[in-house]
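**Q** Compact mmCIF, C-alpha atoms (C1' of nucleotides), file query-v5.txt:
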```txt
# COMPACT_ATOMS: atom_id res chain seq x y z
CA MET A 21 0.00 0.00 0.00
CA ASP A 22 1.19 3.45 -0.98
CA GLN A 23 2.51 5.73 1.74
CA THR A 24 0.56 8.61 0.24
CA VAL A 25 -2.72 6.80 0.77
CA ARG A 26 -1.94 6.42 4.44
CA GLU A 27 -1.22 10.13 4.67
CA ARG A 28 -4.35 11.14 2.81
CA ILE A 29 -6.46 8.97 5.09
CA ASN A 30 -4.85 10.41 8.19
CA LEU A 31 -5.39 13.95 6.93
CA PHE A 32 -8.99 13.14 6.21
CA LEU A 33 -9.56 11.69 9.67
CA ARG A 34 -7.85 14.68 11.26
CA SER A 35 -9.97 17.14 9.30
CA LYS A 36 -13.19 15.49 10.44
CA ASN A 37 -12.11 15.15 14.05
CA LEU A 38 -12.10 11.39 13.72
CA ARG A 39 -9.65 9.18 15.53
CA ARG A 40 -7.00 6.88 14.25
CA THR A 41 -7.56 3.41 15.67
CA SER A 42 -5.90 0.07 15.15
CA GLN A 43 -9.10 -1.27 13.60
CA ARG A 44 -9.31 1.53 11.07
CA ASP A 45 -5.66 1.02 10.24
CA ALA A 46 -6.25 -2.65 9.56
CA ILE A 47 -9.29 -1.90 7.40
CA VAL A 48 -7.45 0.75 5.39
CA GLU A 49 -4.43 -1.51 4.88
CA ALA A 50 -6.73 -4.29 3.72
CA ALA A 51 -8.76 -2.08 1.39
CA PHE A 52 -5.76 -0.56 -0.36
CA GLY A 53 -3.50 -3.58 -0.11
CA THR A 54 -5.35 -5.06 -3.06
CA HIS A 55 -6.26 -3.98 -6.58
CA GLU A 56 -9.30 -6.21 -6.69
CA HIS A 57 -12.86 -5.19 -6.06
CA PHE A 58 -14.35 -6.37 -2.80
CA THR A 59 -17.58 -6.51 -0.85
CA ALA A 60 -18.01 -5.45 2.77
CA GLU A 61 -17.86 -9.07 3.84
CA GLU A 62 -14.64 -9.65 1.90
CA LEU A 63 -13.09 -6.56 3.39
CA LEU A 64 -13.95 -7.87 6.84
CA ARG A 65 -12.11 -11.09 6.07
CA MET A 66 -9.09 -9.22 4.68
CA ALA A 67 -8.99 -6.82 7.60
CA ARG A 68 -9.15 -9.69 10.06
CA ASP A 69 -6.16 -11.28 8.39
CA ARG A 70 -4.27 -8.25 9.67
CA ASP A 71 -6.05 -7.75 12.96
CA GLY A 72 -8.33 -10.50 14.19
CA ALA A 73 -10.19 -8.08 16.44
CA VAL A 74 -11.89 -6.13 13.66
CA SER A 75 -15.65 -6.43 13.86
CA ARG A 76 -18.22 -6.42 11.12
CA ALA A 77 -19.85 -3.28 12.52
CA THR A 78 -16.60 -1.37 12.31
CA VAL A 79 -16.10 -2.38 8.71
CA TYR A 80 -19.60 -1.21 7.87
CA ARG A 81 -18.96 2.04 9.73
CA THR A 82 -15.59 2.63 8.10
CA LEU A 83 -16.58 1.97 4.49
CA PRO A 84 -18.67 5.15 4.12
CA LEU A 85 -15.77 7.13 5.55
CA LEU A 86 -13.37 5.81 2.94
CA VAL A 87 -15.88 6.58 0.21
CA GLU A 88 -16.36 10.08 1.59
CA SER A 89 -12.60 10.61 1.62
CA GLY A 90 -12.61 10.05 -2.13
CA LEU A 91 -10.08 7.23 -2.00
CA LEU A 92 -12.52 4.38 -2.36
CA ARG A 93 -15.45 4.14 -4.74
CA GLU A 94 -18.63 2.16 -4.64
CA VAL A 95 -19.18 0.69 -8.10
CA ASP A 96 -22.07 -1.02 -9.78
CA LEU A 97 -20.92 -4.20 -11.44
CA GLY A 98 -24.49 -5.30 -11.94
CA ARG A 99 -24.63 -8.33 -9.73
CA ASN A 100 -26.87 -6.90 -7.08
CA GLU A 101 -24.09 -6.67 -4.60
CA THR A 102 -22.36 -3.62 -3.26
CA VAL A 103 -18.78 -3.68 -4.45
CA TYR A 104 -15.90 -1.33 -3.68
CA ASP A 105 -13.08 -0.42 -6.01
CA PRO A 106 -9.72 0.76 -4.62
CA ASN A 107 -8.27 1.52 -8.05
CA PHE A 108 -9.59 5.05 -8.40
CA ILE A 109 -6.51 6.37 -6.62
CA ASP A 110 -4.26 5.36 -9.51
CA HIS A 111 -6.88 5.70 -12.25
CA PRO A 112 -9.47 8.31 -11.27
CA ASN A 113 -11.39 8.07 -14.54
CA HIS A 114 -11.52 4.40 -15.29
CA ASN A 115 -14.63 2.47 -16.25
CA HIS A 116 -15.70 -1.15 -16.24
CA LEU A 117 -16.44 -3.73 -18.89
CA ILE A 118 -17.98 -6.93 -17.57
CA CYS A 119 -17.65 -10.08 -19.65
CA VAL A 120 -20.98 -11.87 -19.70
CA ASP A 121 -19.21 -15.11 -20.59
CA CYS A 122 -16.60 -15.39 -17.89
CA GLN A 123 -17.55 -12.53 -15.57
CA LYS A 124 -14.12 -10.98 -15.92
CA ILE A 125 -13.94 -7.27 -15.18
CA VAL A 126 -11.82 -5.20 -17.56
CA GLU A 127 -10.99 -1.70 -16.38
CA PHE A 128 -10.38 0.88 -19.09
CA GLU A 129 -9.87 4.59 -19.50
CA ASP A 130 -10.77 6.76 -22.45
CA GLU A 131 -10.33 10.49 -22.68
CA HIS A 132 -12.85 10.94 -25.49
CA ILE A 133 -15.57 9.53 -23.31
CA ASN A 134 -14.63 11.93 -20.55
CA VAL A 135 -14.88 14.90 -22.88
CA LEU A 136 -18.19 13.74 -24.29
CA GLU A 137 -19.71 13.19 -20.87
CA ASP A 138 -18.59 16.63 -19.91
CA CYS A 139 -20.13 18.24 -23.00
CA ILE A 140 -23.41 16.44 -22.59
CA SER A 141 -23.72 17.43 -18.95
CA ARG A 142 -23.00 21.09 -19.67
CA ARG A 143 -25.42 21.17 -22.55
CA LEU A 144 -28.08 19.93 -20.17
CA GLY A 145 -27.19 22.69 -17.72
CA PHE A 146 -25.19 20.68 -15.23
CA SER A 147 -21.62 20.44 -14.00
CA PRO A 148 -20.62 16.80 -13.74
CA SER A 149 -19.14 15.61 -10.47
CA SER A 150 -18.92 11.89 -10.99
CA LYS A 151 -19.25 9.85 -14.14
CA SER A 152 -19.33 6.13 -14.62
CA ILE A 153 -19.79 3.74 -17.49
CA ARG A 154 -20.59 0.09 -17.34
CA ILE A 155 -20.41 -2.08 -20.42
CA GLU A 156 -21.60 -5.65 -20.47
CA ALA A 157 -20.08 -7.56 -23.34
CA SER A 158 -19.30 -11.00 -24.65
CA CYS A 159 -15.81 -12.28 -25.38
CA ASP A 160 -15.01 -12.43 -29.12
CA ARG A 161 -12.32 -15.04 -28.70
CA LEU A 162 -14.69 -17.37 -26.91
CA HIS A 163 -17.25 -17.12 -29.69
CA ASN A 164 -14.73 -17.48 -32.50
CA SER A 165 -12.48 -20.22 -31.21
CA GLY A 166 -14.51 -21.69 -28.42
CA THR A 167 -12.00 -20.89 -25.72
CA CYS A 168 -11.98 -18.03 -23.28
CA VAL A 169 -8.65 -16.62 -22.17
CA ASN A 170 -10.09 -15.80 -18.80
CA GLN A 171 -11.16 -17.88 -15.87
CA PRO A 172 -14.45 -19.70 -16.06
CA LYS A 173 -17.50 -18.13 -14.41
CA SER A 174 -16.88 -17.20 -10.82
CA THR A 175 -18.93 -15.32 -8.30
CA ARG A 176 -16.46 -12.54 -7.60
CA SER A 177 -14.25 -10.34 -9.68
CA THR A 178 -10.68 -11.35 -10.17
CA ARG A 179 -9.09 -8.42 -11.94
CA LYS A 180 -5.37 -8.57 -11.50
CA THR A 181 -4.21 -6.55 -14.47
CA LYS A 182 -3.85 -2.82 -14.84
CA PRO A 183 -6.56 -0.80 -16.57
CA THR A 184 -6.14 -0.74 -20.35
CA ARG A 185 -5.74 2.73 -21.74
CA THR A 186 -7.62 3.40 -24.98
CA LYS A 187 -5.91 6.11 -27.04
CA MET B 6 -49.71 1.32 -22.19
CA ASP B 7 -48.72 0.40 -25.70
CA GLN B 8 -50.46 -2.56 -27.31
CA THR B 9 -47.10 -3.74 -28.66
CA VAL B 10 -45.73 -4.13 -25.17
CA ARG B 11 -48.57 -6.42 -24.24
CA GLU B 12 -47.88 -8.51 -27.33
CA ARG B 13 -44.17 -8.72 -26.70
CA ILE B 14 -44.77 -9.83 -23.14
CA ASN B 15 -47.23 -12.47 -24.24
CA LEU B 16 -44.80 -13.75 -26.86
CA PHE B 17 -42.08 -13.88 -24.27
CA LEU B 18 -44.25 -15.83 -21.82
CA ARG B 19 -45.32 -18.20 -24.57
CA SER B 20 -41.74 -18.83 -25.65
CA LYS B 21 -40.69 -19.75 -22.13
CA ASN B 22 -43.73 -21.91 -21.46
CA LEU B 23 -44.90 -19.48 -18.83
CA ARG B 24 -48.54 -18.74 -18.19
CA ARG B 25 -50.52 -15.61 -18.51
CA THR B 26 -52.26 -14.83 -15.25
CA SER B 27 -54.37 -11.97 -13.99
CA GLN B 28 -51.64 -11.06 -11.51
CA ARG B 29 -48.97 -10.87 -14.19
CA ASP B 30 -51.30 -8.78 -16.31
CA ALA B 31 -51.81 -6.32 -13.47
CA ILE B 32 -48.08 -6.11 -12.80
CA VAL B 33 -47.25 -5.56 -16.48
CA GLU B 34 -49.93 -2.90 -16.84
CA ALA B 35 -48.61 -1.15 -13.76
CA ALA B 36 -44.96 -1.35 -14.82
CA PHE B 37 -45.52 0.04 -18.30
CA GLY B 38 -48.39 2.33 -17.43
CA THR B 39 -45.85 4.81 -16.10
CA HIS B 40 -42.71 6.51 -17.41
CA GLU B 41 -41.27 6.91 -13.95
CA HIS B 42 -38.70 4.70 -12.31
CA PHE B 43 -39.99 2.50 -9.54
CA THR B 44 -38.88 0.09 -6.84
CA ALA B 45 -40.33 -3.36 -6.25
CA GLU B 46 -42.40 -2.02 -3.40
CA GLU B 47 -43.78 0.80 -5.52
CA LEU B 48 -44.65 -1.61 -8.28
CA LEU B 49 -46.54 -3.70 -5.75
CA ARG B 50 -48.59 -0.67 -4.79
CA MET B 51 -49.26 0.26 -8.42
CA ALA B 52 -50.20 -3.31 -9.35
CA ARG B 53 -52.57 -3.52 -6.42
CA ASP B 54 -54.32 -0.40 -7.62
CA ARG B 55 -55.34 -2.51 -10.59
CA ASP B 56 -55.82 -5.83 -8.87
CA GLY B 57 -55.92 -5.89 -5.09
CA ALA B 58 -55.02 -9.56 -5.03
CA VAL B 59 -51.44 -9.17 -6.24
CA SER B 60 -48.97 -10.36 -3.64
CA ARG B 61 -45.50 -9.12 -2.88
CA ALA B 62 -44.02 -12.51 -3.74
CA THR B 63 -45.53 -12.44 -7.20
CA VAL B 64 -44.12 -8.98 -7.86
CA TYR B 65 -40.68 -10.16 -6.81
CA ARG B 66 -41.06 -13.24 -9.00
CA THR B 67 -42.30 -11.29 -12.00
CA LEU B 68 -39.70 -8.53 -12.00
CA PRO B 69 -36.83 -10.77 -13.13
CA LEU B 70 -39.03 -12.08 -15.92
CA LEU B 71 -39.71 -8.58 -17.23
CA VAL B 72 -36.01 -7.81 -17.07
CA GLU B 73 -35.18 -11.02 -18.90
CA SER B 74 -37.72 -10.17 -21.58
CA GLY B 75 -35.71 -7.04 -22.31
CA LEU B 76 -38.63 -4.68 -21.81
CA LEU B 77 -37.70 -3.54 -18.33
CA ARG B 78 -34.26 -2.56 -17.09
CA GLU B 79 -32.76 -2.49 -13.67
CA VAL B 80 -30.83 0.76 -13.33
CA ASP B 81 -28.32 2.03 -10.84
CA LEU B 82 -29.30 5.50 -9.73
CA GLY B 83 -26.82 5.36 -6.90
CA ARG B 84 -29.11 5.43 -3.92
CA ASN B 85 -28.59 1.88 -2.82
CA GLU B 86 -32.01 0.85 -3.86
CA THR B 87 -33.02 -1.36 -6.73
CA VAL B 88 -34.87 0.73 -9.26
CA TYR B 89 -36.53 -0.31 -12.50
CA ASP B 90 -36.86 1.81 -15.63
CA PRO B 91 -39.69 1.15 -18.11
CA ASN B 92 -38.43 3.74 -20.62
CA PHE B 93 -36.01 1.49 -22.48
CA ILE B 94 -38.82 0.39 -24.78
CA ASP B 95 -39.11 3.86 -26.29
CA HIS B 96 -35.47 4.86 -25.80
CA PRO B 97 -33.27 1.76 -25.84
CA ASN B 98 -30.02 3.69 -25.54
CA HIS B 99 -30.76 6.34 -23.00
CA ASN B 100 -28.61 7.17 -20.02
CA HIS B 101 -29.10 8.92 -16.69
CA LEU B 102 -27.86 12.13 -15.18
CA ILE B 103 -28.64 12.53 -11.50
CA CYS B 104 -28.70 16.03 -10.04
CA VAL B 105 -26.88 15.99 -6.73
CA ASP B 106 -28.74 19.17 -5.69
CA CYS B 107 -32.37 18.21 -6.24
CA GLN B 108 -32.07 14.51 -7.03
CA LYS B 109 -33.81 15.00 -10.34
CA ILE B 110 -33.10 12.32 -12.95
CA VAL B 111 -32.49 13.55 -16.49
CA GLU B 112 -32.60 10.91 -19.18
CA PHE B 113 -30.53 11.61 -22.29
CA GLU B 114 -29.38 9.90 -25.45
CA ASP B 115 -26.22 10.52 -27.41
CA GLU B 116 -25.14 8.66 -30.49
CA HIS B 117 -21.48 9.64 -30.18
CA ILE B 118 -21.32 7.93 -26.81
CA ASN B 119 -22.84 4.81 -28.31
CA VAL B 120 -20.26 4.71 -31.07
CA LEU B 121 -17.41 5.30 -28.66
CA GLU B 122 -18.54 2.60 -26.28
CA ASP B 123 -18.78 0.26 -29.21
CA CYS B 124 -15.27 1.07 -30.43
CA ILE B 125 -13.76 0.69 -27.00
CA SER B 126 -15.40 -2.66 -26.44
CA ARG B 127 -14.25 -4.03 -29.78
CA ARG B 128 -10.72 -2.79 -29.27
CA LEU B 129 -10.67 -4.73 -26.03
CA GLY B 130 -11.88 -7.83 -27.87
CA PHE B 131 -15.49 -7.81 -26.80
CA SER B 132 -18.90 -7.33 -28.40
CA PRO B 133 -20.99 -5.07 -26.21
CA SER B 134 -24.43 -6.27 -25.22
CA SER B 135 -25.51 -3.62 -22.76
CA LYS B 136 -24.04 -0.22 -22.03
CA SER B 137 -24.96 2.27 -19.36
CA ILE B 138 -23.72 5.63 -18.22
CA ARG B 139 -24.47 7.37 -14.99
CA ILE B 140 -23.49 10.97 -14.48
CA GLU B 141 -23.83 12.72 -11.15
CA ALA B 142 -23.86 16.46 -11.56
CA SER B 143 -24.84 19.71 -9.92
CA CYS B 144 -27.36 22.15 -11.32
CA ASP B 145 -25.75 25.27 -12.84
CA ARG B 146 -28.84 27.40 -12.44
CA LEU B 147 -29.01 26.65 -8.75
CA HIS B 148 -25.42 27.71 -8.25
CA ASN B 149 -25.70 30.83 -10.40
CA SER B 150 -29.05 32.23 -9.37
CA GLY B 151 -29.75 30.35 -6.19
CA THR B 152 -32.89 28.73 -7.46
CA CYS B 153 -33.38 25.27 -8.82
CA VAL B 154 -35.95 24.73 -11.54
CA ASN B 155 -36.68 21.31 -10.21
CA GLN B 156 -38.39 20.08 -7.10
CA PRO B 157 -36.55 20.25 -3.81
CA LYS B 158 -34.81 17.10 -2.62
CA SER B 159 -37.11 14.11 -2.66
CA THR B 160 -36.49 10.47 -2.04
CA ARG B 161 -37.80 9.22 -5.34
CA SER B 162 -37.36 10.17 -8.96
CA THR B 163 -40.04 12.21 -10.67
CA ARG B 164 -39.04 12.34 -14.31
CA LYS B 165 -42.02 13.21 -16.43
CA THR B 166 -40.36 14.65 -19.51
CA LYS B 167 -39.00 12.90 -22.54
CA PRO B 168 -35.30 12.09 -22.76
CA THR B 169 -33.29 14.95 -24.18
CA ARG B 170 -31.53 14.09 -27.39
CA THR B 171 -28.00 15.48 -27.67
CA LYS B 172 -27.00 16.06 -31.32
C1' DG C 18 -11.27 13.90 31.49
C1' DT C 19 -13.83 14.28 27.40
C1' DT C 20 -15.12 12.60 23.20
C1' DT C 21 -15.03 9.21 19.93
C1' DC C 22 -14.83 4.32 18.84
C1' DT C 23 -15.68 -0.50 19.34
C1' DG C 24 -18.02 -5.09 19.70
C1' DC C 25 -22.04 -7.34 20.48
C1' DA C 26 -26.40 -8.58 19.50
C1' DA C 27 -30.70 -7.05 18.25
C1' DA C 28 -33.37 -4.69 14.85
C1' DG C 29 -34.35 -3.03 10.13
C1' DG C 30 -35.26 -3.43 5.42
C1' DT C 31 -35.34 -6.02 1.26
C1' DT C 32 -35.58 -10.21 -1.34
C1' DT C 33 -36.12 -15.23 -1.60
C1' DT C 34 -38.28 -19.63 -0.76
C1' DG C 35 -41.05 -23.99 0.83
C1' DC C 36 -45.41 -25.45 0.69
C1' DA C 37 -50.21 -26.43 -0.09
C1' DA C 38 -53.97 -24.71 -2.66
C1' DC C 39 -55.19 -22.93 -7.13
C1' DA C 40 -55.50 -21.84 -12.06
C1' DA C 41 -53.98 -21.97 -16.91
C1' DA C 42 -53.41 -24.73 -20.91
C1' DT D 26 -54.97 -33.78 -16.23
C1' DT D 27 -50.62 -31.80 -16.12
C1' DT D 28 -47.70 -28.22 -15.17
C1' DG D 29 -46.97 -23.80 -13.76
C1' DT D 30 -48.49 -20.05 -10.39
C1' DT D 31 -49.98 -17.93 -6.27
C1' DG D 32 -50.17 -16.26 -1.36
C1' DC D 33 -48.61 -16.80 2.95
C1' DA D 34 -45.31 -16.71 6.32
C1' DA D 35 -40.90 -17.98 7.48
C1' DA D 36 -36.22 -17.63 6.31
C1' DA D 37 -32.26 -15.61 4.34
C1' DC D 38 -29.49 -11.60 3.52
C1' DC D 39 -27.28 -7.49 4.07
C1' DT D 40 -26.78 -3.34 6.64
C1' DT D 41 -27.69 -0.30 10.53
C1' DT D 42 -28.01 0.85 15.35
C1' DG D 43 -28.36 1.21 20.74
C1' DC D 44 -25.65 0.55 24.38
C1' DA D 45 -21.98 -0.16 27.76
C1' DG D 46 -17.20 -0.62 28.03
C1' DA D 47 -12.67 0.68 25.91
C1' DA D 48 -9.48 3.62 23.65
C1' DA D 49 -7.82 7.97 21.61
C1' DC D 50 -6.51 12.64 22.27
```
For this file, produce the structure as structure tokens.
**A**
Amino acid sequence: MDQTVRERINLFLRSKNLRRTSQRDAIVEAAFGTHEHFTAEELLRMARDRDGAVSRATVYRTLPLLVESGLLREVDLGRNETVYDPNFIDHPNHNHLICVDCQKIVEFEDEHINVLEDCISRRLGFSPSSKSIRIEASCDRLHNSGTCVNQPKSTRSTRKTKPTRTK
Amino acid sequence: MDQTVRERINLFLRSKNLRRTSQRDAIVEAAFGTHEHFTAEELLRMARDRDGAVSRATVYRTLPLLVESGLLREVDLGRNETVYDPNFIDHPNHNHLICVDCQKIVEFEDEHINVLEDCISRRLGFSPSSKSIRIEASCDRLHNSGTCVNQPKSTRSTRKTKPTRTK
DNA sequence: GTTTCTGCAAAGGTTTTGCAACAAA
DNA sequence: TTTGTTGCAAAACCTTTGCAGAAAC
């Protein structure tokens, strides 16, 4: 986990008169010690790997703080579960493509999309504060050659690669 | 409600060996008798206005069918509630802008965005099946003149206008 | 010391499900 | 008839919360 993240969290806590506790430390380390998406329950497990004393309630109370700090984002991956994405620190404008064949999540960035979203919002009389795109798609390779490069269907995301940058 | 919608639903039911019942009729009429977004609970209320005998369980069992039929879409409006949008029949490619000031939902369409999403998907080796954009934004008029044209903050969406077409 | 934080367990809200009766085809 | 559907109520889930003790500052 990046040293800067630690500092930004501490600054945030300070500014809101919140306290630094061993539990929050463990939760923060767990959340930003991975590049994979996670649910609240998964974060609890990961945090407990670092500090067995972390409770479910504290995880649920800490998650909204991390989101409010701007370091963590709640994302909609369309599986009716609340999922958090720690990758917005490194890639503040990335979006998600979900493979309907293997469930793989591909993160991508595209500056044209950003510009377009901005134009559309302004034309409608708004200033955009947060934009997100979700694309569900099927894998060409699977349909052409019958094999999918990715893992077979799984319940949870397993992104391990960096976001692809388009243009 | 459009006659075509009724027909498409009936065809769908037929094709899946599902039966047409008075409860399903009431739920379908309720779902597509509005252009507003609704939750499961709201749909229950609306369906009961037409047929008092509709049960909550049947609504919850019917919703996934309507989504599967392609006529209804589950959308993420970012309020941690499951909301359904019946407007994809008339505007299959629309997206949502959510005003962070007054909570108003603005539906919009933009063909450039569609093309871009398509290009990006194909470049990544996928064929897109479903694309959605969510923009959170603040109202310029409110910030410039202190007044918001829309309703004050409310819990639920109240879109009554047609989607704006950009370009 | 004062204020915030924590864990626990209970409560809240939403969605799903087993079952017996019922209705469509 | 046969097969699918319904309502009910219980169960399953996920998230929030009240409270008393513990920890930060």
**Q** Can you build me a table of chain D residues sitting at most 12 Å from range 68-76 of chain A, with the closest atom pair per residue and its distance in Å to one decimal, using all atoms listed in the file, sorted by chain and residue number, as JSON lines?
**A**
```
{"residue": "D:DC39", "atom": "C1'", "partner": "A:Arg76", "partner_atom": "CA", "distance": 11.5}
{"residue": "D:DT40", "atom": "C1'", "partner": "A:Arg76", "partner_atom": "CA", "distance": 10.1}
{"residue": "D:DT41", "atom": "C1'", "partner": "A:Arg76", "partner_atom": "CA", "distance": 11.3}
```
**Q** Go through B:Pro69, B:Gly130, B:Gly83, B:Gly151 and flag the residue nearest chain C, using all atoms listed in the file for the distances.
**A**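 Going through B:Pro69, B:Gly130, B:Gly83, B:Gly151 one by one, the smallest distance to chain C is for B:Pro69.
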**Q** Give me, as a list in words, the contact residues of chain B against chain D at a cut-off of 9 Å, counting all atoms listed in the file.
**A** Asn22, Leu23, Arg24, Thr26, Gln28, Val59, Ser60, Arg61, Ala62 and Thr63 of chain B
**Q** Have a look at B:Leu49, B:Val33, B:Cys124, B:Cys144 and name the one nearest to Val72 in chain B; count all atoms listed in the file.
**A** B:Val33
**Q** Please find the residues of chain A near chain B - the criterion being any atom within 6 Å, counting all atoms listed in the file - and write them as a compact mmCIF listing (two decimals) with C-alpha atoms, keeping the file's coordinate frame.
**A**
```txt
# COMPACT_ATOMS: atom_id res chain seq x y z
CA GLY A 145 -27.19 22.69 -17.72
CA PHE A 146 -25.19 20.68 -15.23
CA SER A 147 -21.62 20.44 -14.00
CA PRO A 148 -20.62 16.80 -13.74
CA SER A 149 -19.14 15.61 -10.47
CA SER A 150 -18.92 11.89 -10.99
CA LYS A 151 -19.25 9.85 -14.14
CA SER A 152 -19.33 6.13 -14.62
CA ILE A 153 -19.79 3.74 -17.49
CA ARG A 154 -20.59 0.09 -17.34
CA ILE A 155 -20.41 -2.08 -20.42
CA GLU A 156 -21.60 -5.65 -20.47
CA ALA A 157 -20.08 -7.56 -23.34
CA SER A 158 -19.30 -11.00 -24.65
CA CYS A 159 -15.81 -12.28 -25.38
CA ASP A 160 -15.01 -12.43 -29.12
```
**Q** Counting all atoms listed in the file, figure out which residue out of C:DC39, C:DA27, C:DT19, C:DT33 gets nearest to chain B.
**A**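 Looking only at the distances to chain B, the closest residue turns out to be C:DT33.
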**Q** Take C1' of DT31 in chain C and CA of Glu47 in chain B and report the distance between them in Å, one decimal.
**A**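 That distance, rounded to one decimal, is 12.8 Å.
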**Q** Using only C-alpha atoms (C1' of nucleotides), which chain C residues lie at most 9 Å away from chain A, written as a PDB file with C-alpha atoms (C1' of nucleotides), in the frame of the given file?
**A**
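Output file selection_24.pdb is given in full below:
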```pdb
ATOM      1  C1'  DT C  21     -15.030   9.210  19.930  1.00  0.00           C
ATOM      2  C1'  DC C  22     -14.830   4.320  18.840  1.00  0.00           C
ATOM      3  C1'  DT C  23     -15.680  -0.500  19.340  1.00  0.00           C
ATOM      4  C1'  DG C  24     -18.020  -5.090  19.700  1.00  0.00           C
TER       5       DG C  24
END
```
**Q** Go ahead and compute the interatomic distance for CA of Glu12 in chain B and CA of Arg66 in chain B, in Å to one decimal.
**A**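 Answer for the CA of Glu12 in chain B to CA of Arg66 in chain B separation: 20.1 Å.
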**Q** Report the distance between CA of Gly90 in chain A and CA of His57 in chain A in Å, rounded to one decimal place.
**A**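 Taking CA of Gly90 in chain A as the start and CA of His57 in chain A as the end point, the length is 15.7 Å.
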**Q** Working from the structure I just supplied, which lacks atoms in range 100-111 of chain B, can you model N, CA, C and O atoms there and output them as a PDB file, in the coordinates of the input?
**A**
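See part.pdb below for the written result:
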```pdb
ATOM      1  N   ASN B 100     -29.431   7.216 -21.211  1.00  0.00           N
ATOM      2  CA  ASN B 100     -28.610   7.170 -20.020  1.00  0.00           C
ATOM      3  C   ASN B 100     -29.164   8.121 -18.974  1.00  0.00           C
ATOM      4  O   ASN B 100     -30.111   8.848 -19.245  1.00  0.00           O
ATOM      5  N   HIS B 101     -28.540   8.133 -17.796  1.00  0.00           N
ATOM      6  CA  HIS B 101     -29.100   8.920 -16.690  1.00  0.00           C
ATOM      7  C   HIS B 101     -28.112   9.918 -16.117  1.00  0.00           C
ATOM      8  O   HIS B 101     -26.964   9.585 -15.856  1.00  0.00           O
ATOM      9  N   LEU B 102     -28.609  11.134 -15.933  1.00  0.00           N
ATOM     10  CA  LEU B 102     -27.860  12.130 -15.180  1.00  0.00           C
ATOM     11  C   LEU B 102     -28.651  12.409 -13.913  1.00  0.00           C
ATOM     12  O   LEU B 102     -29.859  12.648 -13.966  1.00  0.00           O
ATOM     13  N   ILE B 103     -27.969  12.328 -12.785  1.00  0.00           N
ATOM     14  CA  ILE B 103     -28.640  12.530 -11.500  1.00  0.00           C
ATOM     15  C   ILE B 103     -28.155  13.833 -10.901  1.00  0.00           C
ATOM     16  O   ILE B 103     -26.953  14.032 -10.697  1.00  0.00           O
ATOM     17  N   CYS B 104     -29.078  14.755 -10.636  1.00  0.00           N
ATOM     18  CA  CYS B 104     -28.700  16.030 -10.040  1.00  0.00           C
ATOM     19  C   CYS B 104     -28.433  15.839  -8.551  1.00  0.00           C
ATOM     20  O   CYS B 104     -29.307  15.370  -7.827  1.00  0.00           O
ATOM     21  N   VAL B 105     -27.226  16.190  -8.130  1.00  0.00           N
ATOM     22  CA  VAL B 105     -26.880  15.990  -6.730  1.00  0.00           C
ATOM     23  C   VAL B 105     -27.542  17.055  -5.842  1.00  0.00           C
ATOM     24  O   VAL B 105     -27.558  16.934  -4.623  1.00  0.00           O
ATOM     25  N   ASP B 106     -28.078  18.131  -6.474  1.00  0.00           N
ATOM     26  CA  ASP B 106     -28.740  19.170  -5.690  1.00  0.00           C
ATOM     27  C   ASP B 106     -30.192  18.795  -5.385  1.00  0.00           C
ATOM     28  O   ASP B 106     -30.631  18.858  -4.251  1.00  0.00           O
ATOM     29  N   CYS B 107     -30.922  18.427  -6.435  1.00  0.00           N
ATOM     30  CA  CYS B 107     -32.370  18.210  -6.240  1.00  0.00           C
ATOM     31  C   CYS B 107     -32.769  16.775  -6.491  1.00  0.00           C
ATOM     32  O   CYS B 107     -33.944  16.434  -6.405  1.00  0.00           O
ATOM     33  N   GLN B 108     -31.789  15.934  -6.815  1.00  0.00           N
ATOM     34  CA  GLN B 108     -32.070  14.510  -7.030  1.00  0.00           C
ATOM     35  C   GLN B 108     -32.819  14.220  -8.322  1.00  0.00           C
ATOM     36  O   GLN B 108     -33.181  13.065  -8.573  1.00  0.00           O
ATOM     37  N   LYS B 109     -33.086  15.250  -9.098  1.00  0.00           N
ATOM     38  CA  LYS B 109     -33.810  15.000 -10.340  1.00  0.00           C
ATOM     39  C   LYS B 109     -33.012  14.080 -11.274  1.00  0.00           C
ATOM     40  O   LYS B 109     -31.788  14.176 -11.366  1.00  0.00           O
ATOM     41  N   ILE B 110     -33.724  13.199 -11.959  1.00  0.00           N
ATOM     42  CA  ILE B 110     -33.100  12.320 -12.950  1.00  0.00           C
ATOM     43  C   ILE B 110     -33.376  12.883 -14.333  1.00  0.00           C
ATOM     44  O   ILE B 110     -34.537  13.102 -14.701  1.00  0.00           O
ATOM     45  N   VAL B 111     -32.313  13.131 -15.103  1.00  0.00           N
ATOM     46  CA  VAL B 111     -32.490  13.550 -16.490  1.00  0.00           C
ATOM     47  C   VAL B 111     -32.069  12.399 -17.388  1.00  0.00           C
ATOM     48  O   VAL B 111     -30.951  11.903 -17.268  1.00  0.00           O
TER      49      VAL B 111
END
```
